[in-house]
file data_21.cif (mmCIF, C-alpha atoms and all ligand atoms)
data_query
#
loop_
_atom_site.label_atom_id
_atom_site.label_comp_id
_atom_site.auth_asym_id
_atom_site.auth_seq_id
_atom_site.Cartn_x
_atom_site.Cartn_y
_atom_site.Cartn_z
CA MET A 18 -14.89 15.23 -11.24
CA ALA A 19 -15.09 16.09 -7.51
CA ALA A 20 -12.21 14.67 -5.50
CA ASN A 21 -14.39 14.35 -2.40
CA HIS A 22 -15.81 11.01 -1.47
CA ASP A 23 -19.41 11.64 -2.48
CA PRO A 24 -22.06 9.82 -0.42
CA GLN A 25 -24.55 10.51 -3.26
CA VAL A 26 -22.58 8.24 -5.60
CA SER A 27 -24.25 4.84 -5.50
CA ARG A 28 -22.33 1.85 -4.19
CA LEU A 29 -22.44 0.29 -7.68
CA SER A 30 -20.90 3.29 -9.42
CA GLN A 31 -18.43 4.11 -6.59
CA PRO A 32 -15.56 2.00 -8.07
CA PHE A 33 -15.87 3.89 -11.40
CA HIS A 34 -15.96 7.25 -9.60
CA ASP A 35 -12.82 6.30 -7.58
CA ALA A 36 -11.10 5.01 -10.73
CA GLY A 37 -11.74 8.36 -12.48
CA ILE A 38 -10.10 10.34 -9.65
CA PHE A 39 -7.22 7.85 -9.49
CA PHE A 40 -6.65 8.00 -13.24
CA GLN A 41 -6.51 11.83 -13.22
CA GLN A 42 -3.81 11.72 -10.55
CA ALA A 43 -1.92 8.93 -12.35
CA VAL A 44 -1.71 11.10 -15.47
CA ARG A 45 -0.37 14.02 -13.40
CA THR A 46 2.03 12.13 -11.13
CA PHE A 47 2.71 8.70 -12.61
CA ARG A 48 6.07 8.19 -10.90
CA ALA A 49 4.50 8.52 -7.41
CA THR A 50 1.13 6.97 -8.24
CA GLY A 51 2.55 3.99 -10.11
CA ALA A 52 -0.75 2.62 -11.43
CA VAL A 53 -3.66 3.82 -13.56
CA ILE A 54 -6.51 2.30 -11.57
CA PRO A 55 -6.96 1.51 -7.87
CA SER A 56 -6.40 -2.00 -6.51
CA GLY A 57 -9.32 -4.41 -6.81
CA ALA A 58 -11.06 -6.31 -4.00
CA ALA A 59 -9.04 -9.55 -4.42
CA LEU A 60 -5.72 -7.70 -4.11
CA ALA A 61 -7.00 -5.64 -1.15
CA ASP A 62 -8.11 -8.85 0.62
CA ALA A 63 -4.78 -10.59 0.08
CA LEU A 64 -2.79 -7.53 1.21
CA THR A 65 -4.71 -7.32 4.48
CA ARG A 66 -4.17 -10.97 5.42
CA TYR A 67 -2.31 -10.09 8.64
CA VAL A 68 -5.05 -7.76 9.82
CA ALA A 69 -7.44 -10.73 9.60
CA GLU A 70 -5.08 -13.50 10.77
CA ARG A 71 -3.72 -12.78 14.21
CA ASP A 72 -1.37 -14.73 16.47
CA ASP A 73 -3.24 -13.44 19.52
CA PRO A 74 -6.81 -12.30 18.74
CA SER A 75 -7.12 -10.62 22.17
CA THR A 76 -4.28 -8.13 21.55
CA PRO A 77 -5.24 -5.04 19.49
CA LEU A 78 -3.18 -4.23 16.41
CA SER A 79 -1.55 -0.99 15.43
CA ILE A 80 -1.84 -0.80 11.63
CA LEU A 81 -0.07 1.47 9.12
CA GLU A 82 -0.93 1.81 5.45
CA ALA A 83 1.56 3.65 3.23
CA GLY A 84 0.23 5.05 -0.06
CA ALA A 85 -3.53 4.79 0.51
CA GLY A 86 -4.59 6.42 -2.80
CA THR A 87 -8.41 6.39 -3.05
CA GLY A 88 -8.56 3.83 -0.24
CA PRO A 89 -9.57 0.39 -1.61
CA VAL A 90 -7.01 -1.34 0.61
CA SER A 91 -7.75 1.06 3.49
CA ARG A 92 -11.40 0.03 3.32
CA ALA A 93 -10.45 -3.67 3.49
CA ILE A 94 -8.29 -2.88 6.53
CA ALA A 95 -11.11 -0.90 8.21
CA SER A 96 -13.54 -3.78 7.61
CA ARG A 97 -11.15 -6.19 9.34
CA MET A 98 -10.37 -4.02 12.35
CA ARG A 99 -11.39 -5.28 15.78
CA GLY A 100 -11.91 -3.53 19.13
CA GLY A 101 -8.90 -1.46 20.18
CA ASP A 102 -7.09 -1.65 16.81
CA THR A 103 -5.71 1.66 15.49
CA PHE A 104 -5.16 2.52 11.84
CA ASP A 105 -2.88 5.22 10.39
CA MET A 106 -3.08 5.97 6.66
CA VAL A 107 -0.29 7.91 4.98
CA GLU A 108 -0.67 9.58 1.62
CA PRO A 109 1.26 12.58 0.22
CA ASN A 110 -1.07 13.47 -2.68
CA PRO A 111 -3.48 16.22 -1.41
CA THR A 112 -6.26 15.18 -3.81
CA PHE A 113 -6.21 11.63 -2.43
CA VAL A 114 -5.98 12.94 1.16
CA GLU A 115 -9.09 15.09 0.65
CA TYR A 116 -10.85 12.03 -0.77
CA LEU A 117 -9.74 9.78 2.11
CA ASN A 118 -10.92 12.30 4.72
CA GLY A 119 -14.35 12.29 3.05
CA LEU A 120 -14.37 8.49 2.99
CA VAL A 121 -13.61 8.24 6.72
CA LYS A 122 -16.47 10.66 7.51
CA THR A 123 -19.13 9.08 5.26
CA ASP A 124 -18.41 5.42 4.42
CA PRO A 125 -20.24 3.07 6.85
CA VAL A 126 -17.23 0.73 7.07
CA PHE A 127 -15.02 3.63 8.20
CA LEU A 128 -17.68 5.25 10.38
CA ALA A 129 -17.66 2.17 12.60
CA VAL A 130 -13.96 2.71 13.42
CA ALA A 131 -13.52 6.43 12.61
CA ASP A 132 -12.34 7.38 16.12
CA ARG A 133 -9.35 5.03 15.70
CA VAL A 134 -8.41 6.05 12.15
CA THR A 135 -5.98 8.87 11.27
CA VAL A 136 -5.16 10.19 7.80
CA HIS A 137 -1.69 11.77 7.51
CA GLN A 138 -0.72 13.90 4.54
CA ALA A 139 2.97 12.98 4.31
CA LEU A 140 5.58 10.77 2.75
CA VAL A 141 5.67 7.63 4.87
CA THR A 142 9.32 8.16 5.84
CA ASP A 143 8.37 11.61 7.25
CA LEU A 144 6.02 10.06 9.78
CA GLY A 145 8.79 9.74 12.37
CA THR A 146 10.08 6.77 14.32
CA ASP A 147 8.31 7.24 17.67
CA ARG A 148 5.44 4.88 16.89
CA ARG A 149 5.56 1.09 16.46
CA PHE A 150 3.25 -0.94 14.20
CA ASP A 151 2.18 -4.59 14.19
CA VAL A 152 1.08 -4.60 10.55
CA ILE A 153 2.29 -2.41 7.68
CA VAL A 154 0.55 -2.57 4.31
CA SER A 155 2.50 -0.75 1.62
CA GLY A 156 1.00 0.38 -1.68
CA LEU A 157 4.13 2.23 -2.77
CA PRO A 158 5.15 1.73 -6.42
CA PHE A 159 8.65 0.38 -5.82
CA ALA A 160 9.04 -0.36 -9.55
CA ASN A 161 9.08 3.42 -10.16
CA PHE A 162 11.64 4.14 -7.43
CA THR A 163 15.44 3.95 -7.37
CA ALA A 164 17.19 1.21 -5.39
CA ASP A 165 18.27 3.85 -2.81
CA GLU A 166 14.66 5.01 -2.36
CA VAL A 167 13.49 1.41 -1.90
CA ARG A 168 16.25 0.79 0.69
CA THR A 169 15.35 3.96 2.65
CA ILE A 170 11.67 3.01 2.76
CA MET A 171 12.36 -0.64 3.70
CA GLU A 172 14.74 0.46 6.47
CA TYR A 173 12.01 2.78 7.73
CA TYR A 174 9.40 -0.02 7.69
CA PHE A 175 11.71 -2.36 9.61
CA THR A 176 12.47 0.40 12.15
CA VAL A 177 8.82 1.11 12.98
CA LEU A 178 7.67 -2.53 12.70
CA ARG A 179 7.38 -4.32 16.06
CA PRO A 180 9.37 -7.56 16.42
CA GLY A 181 7.07 -10.29 15.07
CA GLY A 182 5.14 -7.72 12.98
CA HIS A 183 4.25 -8.16 9.31
CA LEU A 184 4.84 -6.05 6.22
CA SER A 185 2.82 -6.79 3.05
CA PHE A 186 3.41 -5.03 -0.26
CA PHE A 187 2.66 -5.56 -3.92
CA GLY A 188 3.80 -4.89 -7.44
CA TYR A 189 2.51 -5.78 -10.88
CA LEU A 190 3.42 -8.94 -12.77
CA TYR A 191 5.39 -8.65 -16.02
CA THR A 192 6.24 -4.91 -15.69
CA LYS A 193 9.97 -5.67 -16.11
CA GLN A 194 9.32 -7.65 -19.31
CA VAL A 195 7.07 -4.88 -20.68
CA LYS A 196 9.64 -2.18 -19.80
CA ALA A 197 12.40 -4.23 -21.46
CA VAL A 198 10.51 -3.77 -24.73
CA ILE A 199 9.01 -0.27 -24.50
CA ALA A 200 10.95 1.79 -21.91
CA PRO A 201 14.23 3.71 -22.33
CA LEU A 202 17.24 1.60 -21.26
CA ASP A 203 18.06 3.70 -18.17
CA ASP A 204 14.48 3.40 -16.89
CA TYR A 205 14.58 -0.38 -17.42
CA LEU A 206 17.95 -0.66 -15.61
CA ARG A 207 16.67 1.47 -12.72
CA GLN A 208 13.76 -0.92 -12.30
CA VAL A 209 16.08 -3.94 -12.44
CA ARG A 210 18.21 -2.43 -9.63
CA SER A 211 15.23 -1.49 -7.45
CA GLY A 212 13.92 -5.05 -8.04
CA TRP A 213 17.22 -6.47 -6.71
CA GLU A 214 16.86 -4.29 -3.60
CA VAL A 215 13.31 -5.58 -3.05
CA GLU A 216 14.57 -9.16 -3.53
CA GLU A 217 17.27 -8.69 -0.86
CA TRP A 218 14.64 -7.74 1.72
CA VAL A 219 12.39 -10.60 0.64
CA ASN A 220 15.28 -13.07 0.92
CA ARG A 221 16.03 -11.78 4.42
CA TYR A 222 12.52 -11.54 5.88
CA GLY A 223 10.04 -13.10 3.42
CA VAL A 224 7.39 -15.44 4.86
CA GLY A 225 4.97 -15.68 1.94
CA ARG A 226 4.33 -14.81 -1.67
CA GLU A 227 1.04 -14.70 -3.57
CA ARG A 228 -0.05 -13.96 -7.11
CA VAL A 229 -3.37 -12.22 -7.63
CA PHE A 230 -4.63 -12.70 -11.17
CA ARG A 231 -8.06 -11.22 -10.35
CA ASN A 232 -6.68 -7.69 -10.46
CA ILE A 233 -6.02 -5.25 -13.30
CA PRO A 234 -3.15 -5.59 -13.89
CA PRO A 235 -2.38 -8.96 -12.20
CA ALA A 236 -0.17 -8.49 -9.17
CA TRP A 237 2.31 -10.24 -6.89
CA ILE A 238 2.36 -9.76 -3.13
CA TYR A 239 5.17 -10.36 -0.69
CA HIS A 240 4.63 -10.83 3.04
CA LEU A 241 7.65 -10.17 5.27
CA ARG A 242 8.03 -10.61 9.02
CA LYS A 243 10.39 -8.85 11.42
CA PRO A 244 12.14 -11.46 13.56
CA LEU A 245 11.13 -11.63 17.22
CA SER A 246 14.70 -10.98 18.35
C1 LIG B 301 0.02 2.24 -6.64
S1 LIG B 301 -0.78 3.57 -5.74
C2 LIG B 301 -1.66 2.56 -4.56
C3 LIG B 301 -2.92 3.21 -4.08
C4 LIG B 301 -3.85 2.30 -3.27
N1 LIG B 301 -3.18 1.76 -2.10
C5 LIG B 301 -4.34 1.17 -4.13
O1 LIG B 301 -3.89 0.02 -3.90
O2 LIG B 301 -5.16 1.41 -5.03
C6 LIG B 301 0.57 4.25 -4.83
C7 LIG B 301 0.22 5.35 -3.83
O3 LIG B 301 1.39 5.65 -3.05
C8 LIG B 301 1.47 7.04 -2.84
N2 LIG B 301 2.87 7.34 -2.53
C9 LIG B 301 3.92 7.48 -3.39
N3 LIG B 301 5.06 7.70 -2.72
C10 LIG B 301 4.74 7.68 -1.39
C11 LIG B 301 5.51 7.83 -0.19
N4 LIG B 301 6.83 8.03 -0.20
N5 LIG B 301 4.86 7.75 1.00
C12 LIG B 301 3.52 7.51 1.05
N6 LIG B 301 2.75 7.36 -0.07
C13 LIG B 301 3.36 7.44 -1.26
C14 LIG B 301 0.94 7.64 -4.13
O4 LIG B 301 0.52 8.98 -3.99
C15 LIG B 301 -0.19 6.67 -4.48
O5 LIG B 301 -1.40 7.09 -3.88
#

call {"tool": "encode", "arguments": {"input": "data_21.cif", "output": "structure tokens"}}
result
Amino acid sequence: MAANHDPQVSRLSQPFHDAGIFFQQAVRTFRATGAVIPSGAALADALTRYVAERDDPSTPLSILEAGAGTGPVSRAIASRMRGGDTFDMVEPNPTFVEYLNGLVKTDPVFLAVADRVTVHQALVTDLGTDRRFDVIVSGLPFANFTADEVRTIMEYYFTVLRPGGHLSFFGYLYTKQVKAVIAPLDDYLRQVRSGWEVEEWVNRYGVGRERVFRNIPPAWIYHLRKPLS
């Protein structure tokens, strides 16, 4: 299956085409990919809440998405962008990056904002700390990471987030319970520890929590906000 976003693929079959590419990469790199199919529309909508809801609609937003994959959340972000907003997508997997570049050049939703969209092939923490963002949407699979990796990434997000800015991220419901039954003990314990690290950040900066049952698998979302001072 071609990794390029293919404008010949009909809009109806596009989700299946994207899911095929995503699944191939999940089989190759499950630890980094962290899912077997891309996020659905309900999850993408909920994750992009703070691109749609703005304190000051006249001030443009600087938006960062970490872990764009085949771009279902990126597309929701692009569709909610307004004049002057900028959008940086970060994705380390070269197959996904090739796909995203094709999407930006051919998908009508992206074409409308293409001059303000940048795709970076990188780990998000390698993006540097010069820029500041108003909204960060993270698709990173924290459940597959160690507690130290989660802390490094969260510290990075809260460095590049502007005071008052929002971070939204998600994970899947019940993964801990499933791992408790089927995964090796050290993998289960690693997930428990990375979950505690996530919880610490949520306790410090959390402003909202949602459950999205209309996704495969069902997901939770946390919204965090960097204090103004
Ligand atoms: C669960 S998938 C989410 C993909 C897409 N956002 C979605 O919702 O369908 C996680 C994505 O994060 C990417 N990723 C993993 N580690 C990363 C890192 N350190 N920085 C940026 N992206 C990363 C993976 O390559 C993968 O595309």

call {"tool": "residues_near_ligand", "arguments": {"input": "data_21.cif", "ligand": "ligand LIG 301 (chain B)", "cutoff": "6 Å", "atoms": "all atoms listed in the file", "output": "PyMOL selection string"}}
result
chain A and resi 49-52+55-56+83-86+88-90+107-110+140-141+156-158

call {"tool": "residues_around", "arguments": {"input": "data_21.cif", "residues": "Arg149 in chain A", "least_positions_apart": "5", "cutoff": "7 Å", "atoms": "only C-alpha atoms", "output": "list in words"}}
result
Val177, Leu178 and Arg179 of chain A

call {"tool": "closest_residue", "arguments": {"input": "data_21.cif", "among": "A:Pro32, A:Gly188, A:Gly182, A:Gly37", "to": "Tyr222 in chain A", "atoms": "only C-alpha atoms"}}
result
A:Gly182

call {"tool": "residues_around", "arguments": {"input": "data_21.cif", "residues": "Tyr191 in chain A", "least_positions_apart": "3", "cutoff": "9 Å", "atoms": "only C-alpha atoms", "output": "ChimeraX atom specification"}}
result
/A:194-196,235-236

call {"tool": "write_last_selection", "arguments": {"input": "data_21.cif", "atoms": "C-alpha atoms", "output": "PDB file, in the frame of the given file"}}
result
ATOM      1  CA  GLN A 194       9.320  -7.650 -19.310  1.00  0.00           C
ATOM      2  CA  VAL A 195       7.070  -4.880 -20.680  1.00  0.00           C
ATOM      3  CA  LYS A 196       9.640  -2.180 -19.800  1.00  0.00           C
ATOM      4  CA  PRO A 235      -2.380  -8.960 -12.200  1.00  0.00           C
ATOM      5  CA  ALA A 236      -0.170  -8.490  -9.170  1.00  0.00           C
TER       6      ALA A 236
END

call {"tool": "residues_around", "arguments": {"input": "data_21.cif", "residues": "Met106 in chain A", "least_positions_apart": "5", "cutoff": "8 Å", "atoms": "all atoms listed in the file", "output": "ChimeraX atom specification"}}
result
/A:81-85,91,134-137

call {"tool": "closest_residue", "arguments": {"input": "data_21.cif", "among": "A:Phe159, A:Phe175, A:Ile238, A:Arg148", "to": "Leu190 in chain A", "atoms": "all atoms listed in the file"}}
result
A:Ile238

call {"tool": "residues_near_point", "arguments": {"input": "data_21.cif", "point": "(4.6, -3.1, 8.8)", "cutoff": "12 Å", "atoms": "all atoms listed in the file", "output": "MDAnalysis selection string"}}
result
chainID A and resid 64:65 67:68 78:83 104:105 141 148:156 170:186 222 239:243

call {"tool": "closest_residue", "arguments": {"input": "data_21.cif", "among": "A:Val130, A:Arg168, A:Glu217, A:Pro234", "to": "Thr192 in chain A", "atoms": "all atoms listed in the file"}}
result
A:Pro234

call {"tool": "atom_distance", "arguments": {"input": "data_21.cif", "atom1": "CA of Val219 in chain A", "atom2": "CA of Asp143 in chain A"}}
result
23.5 Å

call {"tool": "atom_distance", "arguments": {"input": "data_21.cif", "atom1": "CA of Gly212 in chain A", "atom2": "CA of Ala160 in chain A"}}
result
6.9 Å
